[in-house]
>>> print(open('protein-v4.csv').read())   # CSV, C-alpha atoms and all ligand atoms
chain,number,residue,atom,x,y,z
Q,1,MET,CA,102.3,119.0,225.9
Q,2,SER,CA,99.0,117.3,226.7
Q,3,SER,CA,99.0,117.6,230.5
Q,4,ASN,CA,96.8,120.7,230.7
Q,5,ASN,CA,94.1,120.2,228.2
Q,6,ALA,CA,91.6,120.5,231.1
Q,7,VAL,CA,92.5,124.1,231.5
Q,8,THR,CA,90.7,126.1,228.8
Q,9,GLU,CA,91.1,129.6,230.3
Q,10,THR,CA,94.4,130.8,229.0
Q,11,SER,CA,94.0,134.6,229.3
Q,12,SER,CA,95.1,134.6,233.0
Q,13,ALA,CA,98.2,132.8,234.1
Q,14,ILE,CA,97.0,133.0,237.7
Q,15,GLY,CA,94.3,130.5,237.5
Q,16,VAL,CA,91.3,129.8,239.6
Q,17,VAL,CA,93.2,129.2,242.9
Q,18,GLU,CA,94.0,132.9,243.2
Q,19,GLY,CA,90.5,134.0,242.5
Q,20,GLU,CA,89.8,137.2,240.5
Q,21,SER,CA,92.6,139.0,238.7
Q,22,LEU,CA,93.8,142.1,240.5
Q,23,TYR,CA,94.0,144.1,237.3
Q,24,ASP,CA,91.4,145.3,234.9
Q,25,VAL,CA,91.0,148.2,232.4
Q,26,ASP,CA,91.0,150.8,235.2
Q,27,HIS,CA,93.8,149.2,237.2
Q,28,PRO,CA,96.4,148.1,234.7
Q,29,ALA,CA,99.2,145.8,235.7
Q,30,PRO,CA,102.6,147.4,236.1
Q,31,VAL,CA,104.8,147.4,233.1
Q,32,ILE,CA,107.7,144.9,233.5
Q,33,GLU,CA,110.9,146.2,231.9
Q,34,ALA,CA,112.7,143.9,229.6
Q,35,PRO,CA,115.7,142.3,231.3
Q,36,ARG,CA,118.1,144.2,229.2
Q,37,GLN,CA,116.6,147.4,228.0
Q,38,ARG,CA,117.8,148.6,224.6
Q,39,THR,CA,119.1,152.2,224.8
Q,40,ASN,CA,120.6,154.3,222.1
Q,41,LYS,CA,124.0,153.2,223.4
Q,42,THR,CA,123.3,149.5,222.7
Q,43,PRO,CA,124.9,148.3,219.5
Q,44,LYS,CA,122.4,147.5,216.7
Q,45,ALA,CA,123.3,143.8,216.8
Q,46,THR,CA,125.9,142.1,219.1
Q,47,ARG,CA,127.0,140.0,216.1
Q,48,GLY,CA,126.5,140.2,212.4
Q,49,ASN,CA,124.8,137.7,210.2
Q,50,PHE,CA,128.1,136.0,209.1
Q,51,GLU,CA,127.2,132.5,210.2
Q,52,MET,CA,123.8,132.7,208.4
Q,53,ALA,CA,125.5,134.0,205.3
Q,54,ALA,CA,128.0,131.2,205.5
Q,55,TRP,CA,125.2,128.6,205.9
Q,56,LEU,CA,123.4,130.0,202.9
Q,57,PHE,CA,126.6,130.1,200.9
Q,58,MET,CA,127.3,126.4,201.5
Q,59,ARG,CA,123.9,125.5,200.0
Q,60,LEU,CA,124.0,127.9,197.0
Q,61,SER,CA,127.6,127.1,196.1
Q,62,GLY,CA,126.8,123.4,196.6
Q,63,VAL,CA,124.1,123.5,193.9
Q,64,VAL,CA,126.4,125.2,191.4
Q,65,LEU,CA,129.3,122.9,192.2
Q,66,VAL,CA,127.2,119.8,191.3
Q,67,VAL,CA,127.1,121.0,187.7
Q,68,LEU,CA,130.7,122.4,187.6
Q,69,VAL,CA,132.5,119.5,189.3
Q,70,ILE,CA,130.5,116.6,187.9
Q,71,GLY,CA,130.8,118.2,184.4
Q,72,HIS,CA,134.6,118.5,185.0
Q,73,LEU,CA,134.9,114.9,186.0
Q,74,LEU,CA,132.9,113.7,183.0
Q,75,ILE,CA,135.2,115.7,180.7
Q,76,GLN,CA,138.5,114.7,182.4
Q,77,LEU,CA,137.8,111.1,183.4
Q,78,VAL,CA,135.0,109.7,181.1
Q,79,LEU,CA,134.7,111.3,177.7
Q,80,ASP,CA,137.1,111.0,174.9
Q,81,GLY,CA,139.5,108.4,176.2
Q,82,GLY,CA,139.3,109.4,179.9
Q,83,VAL,CA,142.4,110.3,181.8
Q,84,SER,CA,144.7,109.1,179.0
Q,85,LYS,CA,144.2,112.1,176.7
Q,86,ILE,CA,145.3,114.7,179.3
Q,87,GLY,CA,148.5,116.6,178.7
Q,88,PHE,CA,149.8,120.1,178.0
Q,89,ALA,CA,148.2,120.1,174.5
Q,90,PHE,CA,144.8,119.1,175.8
Q,91,VAL,CA,144.9,121.9,178.5
Q,92,ALA,CA,146.0,124.4,175.8
Q,93,GLY,CA,143.0,123.4,173.7
Q,94,ARG,CA,140.6,123.8,176.5
Q,95,TRP,CA,141.9,127.1,177.9
Q,96,ALA,CA,141.8,128.6,174.3
Q,97,SER,CA,138.1,129.0,175.0
Q,98,PRO,CA,136.9,131.7,177.4
Q,99,PHE,CA,133.9,129.5,178.3
Q,100,TRP,CA,136.2,126.8,179.9
Q,101,GLN,CA,138.4,129.5,181.5
Q,102,VAL,CA,135.3,131.0,183.2
Q,103,TRP,CA,134.1,127.5,184.1
Q,104,ASP,CA,137.4,126.6,185.8
Q,105,LEU,CA,137.8,129.9,187.5
Q,106,LEU,CA,134.3,129.7,189.0
Q,107,MET,CA,134.9,126.1,190.0
Q,108,LEU,CA,138.2,127.1,191.7
Q,109,TRP,CA,136.7,129.9,193.7
Q,110,LEU,CA,133.5,128.2,194.7
Q,111,ALA,CA,135.1,124.9,195.6
Q,112,MET,CA,137.9,126.5,197.6
Q,113,LEU,CA,135.6,128.8,199.5
Q,114,HIS,CA,133.0,126.1,200.1
Q,115,GLY,CA,135.7,123.6,201.2
Q,116,ALA,CA,137.5,126.2,203.4
Q,117,ASN,CA,134.3,127.2,205.1
Q,118,GLY,CA,133.5,123.5,205.7
Q,119,LEU,CA,136.9,123.0,207.3
Q,120,ARG,CA,136.4,126.1,209.4
Q,121,THR,CA,133.3,124.5,210.9
Q,122,ILE,CA,135.2,121.3,211.5
Q,123,ILE,CA,138.0,123.1,213.3
Q,124,ASN,CA,135.5,124.9,215.5
Q,125,ASP,CA,133.9,121.5,216.3
Q,126,TYR,CA,137.0,119.5,217.3
Q,127,ALA,CA,139.8,122.0,218.3
Q,128,GLU,CA,138.8,122.7,221.9
Q,129,ARG,CA,141.7,125.1,222.9
Q,130,ALA,CA,141.4,128.7,221.6
Q,131,ASN,CA,145.0,128.7,220.7
Q,132,THR,CA,144.8,125.5,218.6
Q,133,ARG,CA,141.8,126.9,216.8
Q,134,LEU,CA,143.6,130.1,216.0
Q,135,TRP,CA,146.6,128.3,214.5
Q,136,LEU,CA,144.6,125.8,212.5
Q,137,LYS,CA,142.4,128.5,211.1
Q,138,GLY,CA,145.5,130.7,210.3
Q,139,LEU,CA,147.0,127.7,208.4
Q,140,LEU,CA,143.6,127.1,206.6
Q,141,TYR,CA,143.1,130.7,205.5
Q,142,THR,CA,146.7,131.0,204.3
Q,143,ALA,CA,146.5,127.8,202.3
Q,144,THR,CA,143.1,128.9,200.9
Q,145,VAL,CA,144.2,132.4,199.8
Q,146,PHE,CA,147.4,130.9,198.3
Q,147,THR,CA,145.5,128.3,196.3
Q,148,ILE,CA,142.9,130.6,195.0
Q,149,LEU,CA,145.5,133.2,193.9
Q,150,LEU,CA,147.8,130.6,192.3
Q,151,GLY,CA,144.9,128.9,190.4
Q,152,SER,CA,143.5,132.2,189.1
Q,153,LEU,CA,147.0,133.4,188.1
Q,154,VAL,CA,147.5,130.1,186.2
Q,155,ILE,CA,144.3,130.5,184.3
Q,156,PHE,CA,144.9,134.2,183.4
Q,157,THR,CA,148.5,133.9,182.4
Q,158,PHE,CA,148.4,130.5,180.6
Q,159,ASP,CA,150.7,130.6,177.6
Q,160,PRO,CA,150.2,127.9,174.9
Q,161,ASN,CA,153.5,128.9,173.3
Q,162,ILE,CA,155.6,128.8,176.5
Q,163,ARG,CA,158.3,127.0,174.5
O,164,MET,CA,136.3,114.5,224.1
O,165,PRO,CA,134.1,114.4,227.2
O,166,ALA,CA,133.5,110.8,228.3
O,167,GLY,CA,130.2,109.1,228.0
O,168,THR,CA,128.6,111.4,225.5
O,169,LEU,CA,128.9,109.3,222.4
O,170,TYR,CA,125.9,110.2,220.2
O,171,ARG,CA,124.3,107.0,218.8
O,172,GLY,CA,122.4,108.3,215.9
O,173,ARG,CA,121.1,106.2,213.1
O,174,GLU,CA,121.4,106.7,209.3
O,175,GLY,CA,121.4,110.5,209.7
O,176,MET,CA,124.5,110.4,211.9
O,177,TRP,CA,126.4,108.1,209.5
O,178,SER,CA,125.5,110.1,206.4
O,179,TRP,CA,126.7,113.2,208.3
O,180,VAL,CA,130.0,111.5,209.1
O,181,ALA,CA,130.4,110.4,205.5
O,182,HIS,CA,129.6,113.9,204.3
O,183,ARG,CA,132.2,115.4,206.5
O,184,VAL,CA,135.0,112.8,205.6
O,185,THR,CA,134.3,113.1,201.9
O,186,GLY,CA,134.3,116.9,202.1
O,187,VAL,CA,137.7,117.0,203.8
O,188,LEU,CA,139.2,114.5,201.3
O,189,ILE,CA,138.0,116.5,198.3
O,190,PHE,CA,139.4,119.7,199.8
O,191,PHE,CA,142.9,118.1,200.2
O,192,PHE,CA,142.7,116.7,196.7
O,193,LEU,CA,141.8,120.1,195.3
O,194,PHE,CA,144.8,121.7,197.0
O,195,VAL,CA,147.2,119.2,195.4
O,196,HIS,CA,145.3,119.4,192.1
O,197,VAL,CA,145.8,123.2,191.7
O,198,LEU,CA,149.5,122.7,192.4
O,199,ASP,CA,149.8,120.0,189.7
O,200,THR,CA,147.8,122.1,187.2
O,201,ALA,CA,150.1,125.1,188.0
O,202,LEU,CA,152.9,123.1,186.3
O,203,VAL,CA,151.5,124.2,182.9
O,204,ARG,CA,153.2,127.5,183.8
O,205,VAL,CA,156.6,125.8,184.3
O,206,SER,CA,156.9,123.8,181.1
O,207,PRO,CA,154.9,121.3,179.0
O,208,GLU,CA,157.3,118.6,180.0
O,209,ALA,CA,156.9,119.2,183.7
O,210,TYR,CA,153.2,119.1,183.3
O,211,ASP,CA,153.1,116.0,181.1
O,212,ASP,CA,155.5,114.1,183.4
O,213,THR,CA,153.4,114.8,186.4
O,214,VAL,CA,150.1,114.0,184.8
O,215,ALA,CA,151.6,110.7,183.8
O,216,ILE,CA,151.2,109.7,187.4
O,217,TYR,CA,147.4,110.1,187.0
O,218,LYS,CA,147.5,107.5,184.3
O,219,THR,CA,149.1,104.7,186.4
O,220,PRO,CA,146.9,101.8,187.5
O,221,VAL,CA,147.3,102.4,191.3
O,222,VAL,CA,146.4,106.1,190.9
O,223,ALA,CA,143.5,105.1,188.7
O,224,LEU,CA,142.1,103.3,191.8
O,225,LEU,CA,142.5,106.5,193.8
O,226,GLU,CA,140.7,108.4,191.1
O,227,TYR,CA,137.8,105.9,191.4
O,228,GLY,CA,137.8,106.6,195.1
O,229,LEU,CA,137.7,110.4,194.4
O,230,VAL,CA,134.8,109.9,192.1
O,231,ALA,CA,133.0,107.9,194.8
O,232,ALA,CA,133.7,110.6,197.4
O,233,ILE,CA,132.4,113.4,195.1
O,234,LEU,CA,129.3,111.6,194.0
O,235,PHE,CA,128.4,110.8,197.6
O,236,HIS,CA,129.1,114.3,198.8
O,237,ALA,CA,127.1,115.8,195.9
O,238,LEU,CA,124.1,113.6,196.2
O,239,ASN,CA,123.9,113.8,200.0
O,240,GLY,CA,124.6,117.5,199.8
O,241,LEU,CA,121.5,117.9,197.6
O,242,ARG,CA,119.6,115.9,200.2
O,243,VAL,CA,120.7,118.2,203.0
O,244,ILE,CA,119.6,121.2,200.9
O,245,ALA,CA,116.2,119.5,200.3
O,246,VAL,CA,115.8,118.8,204.0
O,247,ASP,CA,116.5,122.5,204.8
O,248,PHE,CA,114.4,124.2,202.0
O,249,TRP,CA,111.7,121.8,201.0
O,250,SER,CA,108.7,121.8,203.3
O,251,LYS,CA,108.4,118.0,203.2
O,252,GLY,CA,112.1,117.5,203.3
O,253,PRO,CA,112.5,116.5,206.9
O,254,ARG,CA,109.7,114.0,206.5
O,255,TYR,CA,111.3,112.2,203.6
O,256,GLN,CA,115.0,112.6,204.7
O,257,LYS,CA,115.4,108.8,205.2
O,258,GLN,CA,113.9,107.9,201.8
O,259,MET,CA,116.1,110.6,200.2
O,260,LEU,CA,119.2,109.2,201.8
O,261,TRP,CA,118.5,105.7,200.4
O,262,SER,CA,117.6,107.2,197.0
O,263,ALA,CA,121.0,109.0,197.1
O,264,VAL,CA,122.8,105.8,198.0
O,265,GLY,CA,121.0,104.0,195.2
O,266,ILE,CA,121.8,106.6,192.6
O,267,TRP,CA,125.4,106.7,193.9
O,268,PHE,CA,125.7,102.9,193.5
O,269,ILE,CA,124.4,103.0,189.9
O,270,LEU,CA,126.7,105.8,188.9
O,271,MET,CA,129.7,104.0,190.5
O,272,VAL,CA,129.0,100.9,188.5
O,273,GLY,CA,128.7,103.1,185.4
O,274,ALA,CA,132.0,104.8,186.2
O,275,LEU,CA,133.9,101.4,186.5
O,276,TYR,CA,134.8,101.0,182.9
O,277,PRO,CA,135.5,104.7,182.0
O,278,VAL,CA,137.7,105.3,185.0
O,279,LEU,CA,139.4,102.0,185.4
O,280,GLY,CA,139.3,100.5,181.9
O,281,HIS,CA,142.7,101.9,180.9
O,282,ALA,CA,144.3,100.6,184.1
O,283,VAL,CA,142.9,97.1,183.5
O,284,ARG,CA,144.2,97.1,179.9
O,285,GLU,CA,147.6,98.2,181.2
O,286,VAL,CA,147.8,95.5,183.9
O,287,PHE,CA,146.5,92.6,181.9
O,288,GLY,CA,147.6,93.8,178.5
O,289,SER,CA,145.2,94.4,175.6
D,301,LIG,C1,129.5,118.6,194.3
D,301,LIG,C2,128.7,119.5,194.9
D,301,LIG,C3,128.6,119.8,196.3
D,301,LIG,C4,127.5,119.9,197.1
D,301,LIG,C5,126.1,119.7,196.6
D,301,LIG,C6,127.9,120.2,198.4
D,301,LIG,C7,127.0,120.4,199.5
D,301,LIG,C8,127.4,120.6,200.8
D,301,LIG,C9,126.5,121.1,201.8
D,301,LIG,C10,125.0,121.3,201.7
D,301,LIG,C11,127.2,121.2,202.9
D,301,LIG,C12,126.7,121.7,204.3
D,301,LIG,C13,126.4,120.5,205.2
D,301,LIG,C14,125.8,121.0,206.5
D,301,LIG,O1,125.8,122.2,206.8
D,301,LIG,O2,125.5,120.1,207.3
D,301,LIG,C15,128.6,120.9,202.6
D,301,LIG,C16,129.6,120.8,203.6
D,301,LIG,C17,130.9,120.6,203.2
D,301,LIG,N1,131.5,120.5,201.9
D,301,LIG,FE1,130.4,120.3,200.2
D,301,LIG,N2,129.3,120.2,198.5
D,301,LIG,C18,129.8,120.0,197.3
D,301,LIG,C19,131.1,120.0,196.9
D,301,LIG,C20,132.2,120.2,197.8
D,301,LIG,C21,133.6,120.3,197.4
D,301,LIG,C22,134.1,120.3,195.9
D,301,LIG,C23,134.3,120.3,198.5
D,301,LIG,C24,135.8,120.4,198.7
D,301,LIG,C25,136.5,121.3,198.1
D,301,LIG,C26,133.4,120.2,199.7
D,301,LIG,C27,133.7,120.3,201.0
D,301,LIG,C28,132.8,120.4,202.0
D,301,LIG,C29,133.2,120.4,203.4
D,301,LIG,C30,134.6,120.3,204.0
D,301,LIG,C31,132.0,120.5,204.2
D,301,LIG,C32,131.9,120.6,205.7
D,301,LIG,C33,131.3,119.3,206.2
D,301,LIG,C34,130.9,119.4,207.7
D,301,LIG,O3,130.8,120.5,208.2
D,301,LIG,O4,130.6,118.3,208.2
D,301,LIG,N3,132.1,120.2,199.1
D,301,LIG,N4,128.7,120.5,201.3
D,302,LIG,C1,141.0,112.8,188.9
D,302,LIG,C2,140.1,113.6,188.5
D,302,LIG,C3,140.5,114.9,187.8
D,302,LIG,C4,141.2,115.1,186.7
D,302,LIG,C5,141.9,114.1,185.8
D,302,LIG,C6,141.3,116.6,186.5
D,302,LIG,C7,141.9,117.2,185.4
D,302,LIG,C8,142.1,118.6,185.2
D,302,LIG,C9,142.7,119.2,184.1
D,302,LIG,C10,143.4,118.5,182.9
D,302,LIG,C11,142.7,120.5,184.3
D,302,LIG,C12,143.3,121.6,183.4
D,302,LIG,C13,142.3,122.6,182.9
D,302,LIG,C14,141.1,121.9,182.2
D,302,LIG,O1,141.3,121.0,181.3
D,302,LIG,O2,140.0,122.3,182.5
D,302,LIG,C15,142.0,120.8,185.6
D,302,LIG,C16,141.8,122.0,186.2
D,302,LIG,C17,141.0,122.2,187.3
D,302,LIG,N1,140.4,121.2,188.1
D,302,LIG,FE1,140.4,119.2,187.7
D,302,LIG,N2,140.5,117.2,187.5
D,302,LIG,C18,140.0,116.3,188.3
D,302,LIG,C19,139.3,116.5,189.4
D,302,LIG,C20,138.9,117.7,189.9
D,302,LIG,C21,138.0,117.9,191.0
D,302,LIG,C22,137.4,116.8,191.9
D,302,LIG,C23,137.9,119.3,191.2
D,302,LIG,C24,137.1,120.1,192.2
D,302,LIG,C25,136.9,119.7,193.4
D,302,LIG,C26,138.7,119.9,190.2
D,302,LIG,C27,138.9,121.2,190.0
D,302,LIG,C28,139.7,121.8,189.1
D,302,LIG,C29,140.0,123.3,189.1
D,302,LIG,C30,139.5,124.3,190.1
D,302,LIG,C31,140.9,123.5,188.0
D,302,LIG,C32,141.5,124.8,187.5
D,302,LIG,C33,142.9,124.9,188.1
D,302,LIG,C34,143.6,126.2,188.0
D,302,LIG,O3,142.9,127.2,188.1
D,302,LIG,O4,144.8,126.2,187.9
D,302,LIG,N3,139.3,118.9,189.4
D,302,LIG,N4,141.6,119.5,186.1
>>> encode(input="protein-v4.csv", output="structure tokens")
Amino acid sequence: MSSNNAVTETSSAIGVVEGESLYDVDHPAPVIEAPRQRTNKTPKATRGNFEMAAWLFMRLSGVVLVVLVIGHLLIQLVLDGGVSKIGFAFVAGRWASPFWQVWDLLMLWLAMLHGANGLRTIINDYAERANTRLWLKGLLYTATVFTILLGSLVIFTFDPNIR
Amino acid sequence: MPAGTLYRGREGMWSWVAHRVTGVLIFFFLFVHVLDTALVRVSPEAYDDTVAIYKTPVVALLEYGLVAAILFHALNGLRVIAVDFWSKGPRYQKQMLWSAVGIWFILMVGALYPVLGHAVREVFGS
């Protein structure tokens, strides 16, 4: 960091010991090829931007989930008698409104995808054998798809006059 | 785990551990929660009988724990986002952690009566 503040000449990496530079405008230095030259056979990128998209998604969904989940907890556990008021009739009243249907649907999808992606990271961190990772992720993705489909189905097909 | 590589971080490490543990807890709760809500498609009785479990005193304590986990995960999550996107975030990460813990504590005191009140009335009579 601060070991070479005596050296002010930075244009030549050779330094004074070697004397004058061998190269100038009339005798240019040879071009050094990049270690792995890109050709038109090289793929555009060796991997996509999936991890970056996942990183960004965790933050965007997190901000939205603060409103959705904390609002949900206020309604279910704090306002209007707290947990005591919950029952089939209460749910029927809430899902009569498209606003709360959309709220719950969005909360379901975002929380499940956010949580599943978080668990994917955790599996990658702790499961050291490739086979273990494969099985755990298979289980995780199965449970996630199942839960999202079931929850969406329940919201869309809810029937207040089931009996 | 390889031996001798225990990372001894400070507040930042423990907030990360807590963020991870709460995230996993919430995810598992959500899985069960979608299953119990799905009982509205079975019958009103099946749903009401199951939701009755949520109203027992012991489960009320678990709900208080769930609220604690969510509030911590949410507040600390906002801090992580601020560290990543706000230019001064990394410099104030420690102050933001203690602010989050302070807000969390106040909200948890505020949640005591709404979340646990009915359980106290049930146990001690009203
Ligand atoms: C309430 C609003 C929420 C906010 C602001 C939030 C924020 C975040 C952020 C920013 C991360 C990324 C941390 C990192 O990359 O280091 C994260 C990770 C995670 N979140 Fe959330 N989250 C919220 C709700 C949830 C919910 C509802 C669940 C469960 C369904 C959940 C489960 C997880 C998990 C499992 C991780 C991975 C933890 C890790 O890798 O250590 N979060 N959260
Ligand atoms: C103990 C605390 C909680 C109680 C008492 C509770 C109660 C309820 C109730 C009564 C419903 C039915 C629909 C409605 O009224 O909106 C519901 C649905 C839902 N809740 Fe909660 N909730 C709690 C915590 C949470 C948490 C922490 C999350 C998110 C991480 C969550 C996510 C959802 C979702 C996604 C649905 C829609 C389910 C579906 O699509 O079938 N809930 N909850």
>>> residues_near_ligand(input="protein-v4.csv", ligand="ligand LIG 302 (chain D)", cutoff="7 Å", atoms="only C-alpha atoms and all ligand atoms", output="MDAnalysis selection string")
(chainID Q and resid 69 72:73 76:77 83 86:87 90:91 94:95 100 104:105 107:108 111 150:152 154:155) or (chainID O and resid 189:190 193 196:197 200:201 217 226 229 233)
>>> write_last_selection(input="protein-v4.csv", atoms="C-alpha atoms", output="PDB file, keeping the file's coordinate frame")
ATOM      1  CA  VAL Q  69     132.500 119.500 189.300  1.00  0.00           C
ATOM      2  CA  HIS Q  72     134.600 118.500 185.000  1.00  0.00           C
ATOM      3  CA  LEU Q  73     134.900 114.900 186.000  1.00  0.00           C
ATOM      4  CA  GLN Q  76     138.500 114.700 182.400  1.00  0.00           C
ATOM      5  CA  LEU Q  77     137.800 111.100 183.400  1.00  0.00           C
ATOM      6  CA  VAL Q  83     142.400 110.300 181.800  1.00  0.00           C
ATOM      7  CA  ILE Q  86     145.300 114.700 179.300  1.00  0.00           C
ATOM      8  CA  GLY Q  87     148.500 116.600 178.700  1.00  0.00           C
ATOM      9  CA  PHE Q  90     144.800 119.100 175.800  1.00  0.00           C
ATOM     10  CA  VAL Q  91     144.900 121.900 178.500  1.00  0.00           C
ATOM     11  CA  ARG Q  94     140.600 123.800 176.500  1.00  0.00           C
ATOM     12  CA  TRP Q  95     141.900 127.100 177.900  1.00  0.00           C
ATOM     13  CA  TRP Q 100     136.200 126.800 179.900  1.00  0.00           C
ATOM     14  CA  ASP Q 104     137.400 126.600 185.800  1.00  0.00           C
ATOM     15  CA  LEU Q 105     137.800 129.900 187.500  1.00  0.00           C
ATOM     16  CA  MET Q 107     134.900 126.100 190.000  1.00  0.00           C
ATOM     17  CA  LEU Q 108     138.200 127.100 191.700  1.00  0.00           C
ATOM     18  CA  ALA Q 111     135.100 124.900 195.600  1.00  0.00           C
ATOM     19  CA  LEU Q 150     147.800 130.600 192.300  1.00  0.00           C
ATOM     20  CA  GLY Q 151     144.900 128.900 190.400  1.00  0.00           C
ATOM     21  CA  SER Q 152     143.500 132.200 189.100  1.00  0.00           C
ATOM     22  CA  VAL Q 154     147.500 130.100 186.200  1.00  0.00           C
ATOM     23  CA  ILE Q 155     144.300 130.500 184.300  1.00  0.00           C
TER      24      ILE Q 155
ATOM     25  CA  ILE O 189     138.000 116.500 198.300  1.00  0.00           C
ATOM     26  CA  PHE O 190     139.400 119.700 199.800  1.00  0.00           C
ATOM     27  CA  LEU O 193     141.800 120.100 195.300  1.00  0.00           C
ATOM     28  CA  HIS O 196     145.300 119.400 192.100  1.00  0.00           C
ATOM     29  CA  VAL O 197     145.800 123.200 191.700  1.00  0.00           C
ATOM     30  CA  THR O 200     147.800 122.100 187.200  1.00  0.00           C
ATOM     31  CA  ALA O 201     150.100 125.100 188.000  1.00  0.00           C
ATOM     32  CA  TYR O 217     147.400 110.100 187.000  1.00  0.00           C
ATOM     33  CA  GLU O 226     140.700 108.400 191.100  1.00  0.00           C
ATOM     34  CA  LEU O 229     137.700 110.400 194.400  1.00  0.00           C
ATOM     35  CA  ILE O 233     132.400 113.400 195.100  1.00  0.00           C
TER      36      ILE O 233
END
>>> closest_residue(input="protein-v4.csv", among="O:Lys218, O:Lys257, O:His236, O:Arg242", to="chain Q", atoms="only C-alpha atoms")
O:Lys218
>>> closest_atom_pairs(input="protein-v4.csv", of="chain O", to="ligand LIG 301 (chain D)", cutoff="8 Å", atoms="only C-alpha atoms and all ligand atoms", output="tab-separated table")
residue	atom	partner	partner_atom	distance
O:Trp179	CA	D:LIG301	O4	6.4
O:Val180	CA	D:LIG301	O4	6.9
O:His182	CA	D:LIG301	O4	6.0
O:Arg183	CA	D:LIG301	O4	3.7
O:Val184	CA	D:LIG301	C33	7.5
O:Thr185	CA	D:LIG301	C27	7.3
O:Gly186	CA	D:LIG301	C27	3.6
O:Val187	CA	D:LIG301	C30	4.5
O:Leu188	CA	D:LIG301	C24	7.3
O:Ile189	CA	D:LIG301	C24	4.5
O:Phe190	CA	D:LIG301	C25	3.7
O:Phe191	CA	D:LIG301	C25	7.5
O:Phe192	CA	D:LIG301	C25	7.8
O:Leu193	CA	D:LIG301	C25	6.1
O:Ile233	CA	D:LIG301	C1	6.0
O:Leu234	CA	D:LIG301	C1	7.0
O:His236	CA	D:LIG301	N2	5.9
O:Ala237	CA	D:LIG301	C1	4.0
O:Leu238	CA	D:LIG301	C5	6.4
O:Asn239	CA	D:LIG301	C5	7.2
O:Gly240	CA	D:LIG301	C7	3.8
O:Leu241	CA	D:LIG301	C5	5.0
O:Arg242	CA	D:LIG301	C10	7.8
O:Val243	CA	D:LIG301	C10	5.5
O:Ile244	CA	D:LIG301	C10	5.5
>>> interface_residues(input="protein-v4.csv", of="chain Q", to="chain O", cutoff="8 Å", atoms="only C-alpha atoms", output="PyMOL selection string")
chain Q and resi 59+62-63+66+70+73+77-79+81-84+86-88+111-112+115-116+118-119+147+150-151+154+158-159+162-163
>>> atom_distance(input="protein-v4.csv", atom1="atom CA of Gly93 of chain Q", atom2="atom CA of Val283 of chain O")
28.1 Å
>>> closest_residue(input="protein-v4.csv", among="O:Gly273, O:Asp199, O:Phe235, O:Gly288", to="Trp261 of chain O", atoms="only C-alpha atoms")
O:Phe235
